[in-house]
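A.B. asks: Here it is, the structure, as structure tokens.
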Amino acid sequence: MKHKNIKTIPQTLNKRGILAQNILDASHATIKCLSVEENDAIPKHDVNVHVTFIVLSGHGTISIGDECFDVKAEDVVLCPPNTPMSIQAKTLLRFLNIKTPGMASS
């Protein structure tokens, strides 16, 4: 059992240039806290696992396939495997990005 405070988890830039905090990186799940700056975006891409987005703060748009969702704190968006997704921040947008199964060390 581990206890962490998200404020103490180091931030690093991920491969898309987005600030990321690695909460869990295991075979059963990968959990990251991502922070997308105001008016910044994560371009359309897909992964071969389920992705769950849980918005912690801010406002933006999450696109899954052909659908766009206007999101704010406490919203949850689900993305099935191999479906194009993208994120556009209208304000600083912080969210948990949960991949199941995990993508450990990828």
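Identifiers in this document derive from the order of the structure tokens: chains are assigned A, B, ..., residues are numbered from 1 separately in each chain, and ligands are numbered from 1 in order of occurrence.
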Write out as a PyMOL selection string the residues lying within 6 Å of range 62-68 of chain A, counting only C-alpha atoms and excluding same-chain residues fewer than 6 positions away.
C.D. replies: chain A and resi 83-87
A.B. asks: Write down as a VMD selection string the residues belonging to range 9-84 of chain A that are assigned strand (DSSP E) by DSSP computed on the backbone.
C.D. replies: chain A and resid 12 to 13 19 to 25 30 to 36 41 to 45 50 to 57 59 to 64 67 to 72 76 to 79
A.B. asks: Can those selected residues be exported to a file as a compact mmCIF listing (two decimals), in the first residue's frame so that it contains C-alpha atoms?
C.D. replies:
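Once written, selection_0.txt looks like this:
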# COMPACT_ATOMS: atom_id res chain seq x y z
CA THR A 12 8.00 15.77 -16.57
CA LEU A 13 7.27 16.56 -20.19
CA LEU A 19 3.32 18.11 -18.31
CA ALA A 20 2.70 14.66 -16.85
CA GLN A 21 2.84 13.12 -13.40
CA ASN A 22 3.28 9.36 -13.33
CA ILE A 23 1.02 7.96 -10.62
CA LEU A 24 1.08 4.28 -11.63
CA ASP A 25 2.91 2.43 -14.40
CA THR A 30 -1.23 3.22 -16.27
CA ILE A 31 -2.39 6.35 -14.45
CA LYS A 32 -1.02 9.81 -15.18
CA CYS A 33 -2.10 13.29 -14.24
CA LEU A 34 -1.76 15.51 -17.31
CA SER A 35 -1.79 19.32 -17.38
CA VAL A 36 -2.58 20.94 -20.72
CA ALA A 41 -3.76 20.72 -27.38
CA ILE A 42 -2.87 17.06 -27.53
CA PRO A 43 -3.21 16.13 -31.22
CA LYS A 44 -5.37 13.28 -32.49
CA HIS A 45 -3.86 9.86 -31.76
CA HIS A 50 -9.13 1.57 -22.97
CA VAL A 51 -8.58 5.18 -21.85
CA THR A 52 -10.56 6.91 -19.11
CA PHE A 53 -10.29 10.67 -18.63
CA ILE A 54 -11.30 12.14 -15.26
CA VAL A 55 -11.18 15.94 -15.31
CA LEU A 56 -9.77 17.45 -12.11
CA SER A 57 -9.89 21.14 -13.03
CA HIS A 59 -12.26 23.52 -19.09
CA GLY A 60 -11.72 22.08 -22.55
CA THR A 61 -12.81 19.67 -25.23
CA ILE A 62 -12.07 15.96 -25.46
CA SER A 63 -12.73 14.41 -28.87
CA ILE A 64 -13.29 10.67 -29.14
CA GLU A 67 -17.74 12.99 -30.96
CA CYS A 68 -16.62 16.13 -29.06
CA PHE A 69 -17.28 16.57 -25.36
CA ASP A 70 -17.10 19.95 -23.63
CA VAL A 71 -15.53 19.03 -20.26
CA LYS A 72 -15.02 20.61 -16.85
CA VAL A 76 -15.51 11.52 -17.03
CA VAL A 77 -14.96 10.51 -20.68
CA LEU A 78 -14.35 6.93 -21.84
CA CYS A 79 -12.43 6.01 -24.99
A.B. asks: Would you compute the distance between CA of Lys15 in chain A and CA of Leu93 in chain A? Give it in Å to one decimal.
C.D. replies: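 About the pair CA of Lys15 in chain A and CA of Leu93 in chain A: they are 17.8 Å apart.
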A.B. asks: Quick check, in Å to one decimal: how far apart do CA of Pro101 in chain A and CA of His28 in chain A lie?
C.D. replies: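 Distance between the two atoms: 4.6 Å.
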A.B. asks: Measure the distance from CA of Ile6 in chain A to CA of Thr91 in chain A in Å and round it to one decimal.
C.D. replies: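 Interatomic distance, CA of Ile6 in chain A to CA of Thr91 in chain A: 20.0 Å.
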A.B. asks: Restricting the calculation to only C-alpha atoms: of A:Leu92, A:Ala73, A:Ala26, A:Ile18, which residue gets closest to Asn39 in chain A?
C.D. replies: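 Closest to Asn39 in chain A of all the choices is A:Leu92.
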A.B. asks: What lies within 7 Å of Pro81 in chain A using only C-alpha atoms, ignoring chain neighbours under 4 positions off, as an NGL selection string?
C.D. replies: :A and (47-50)
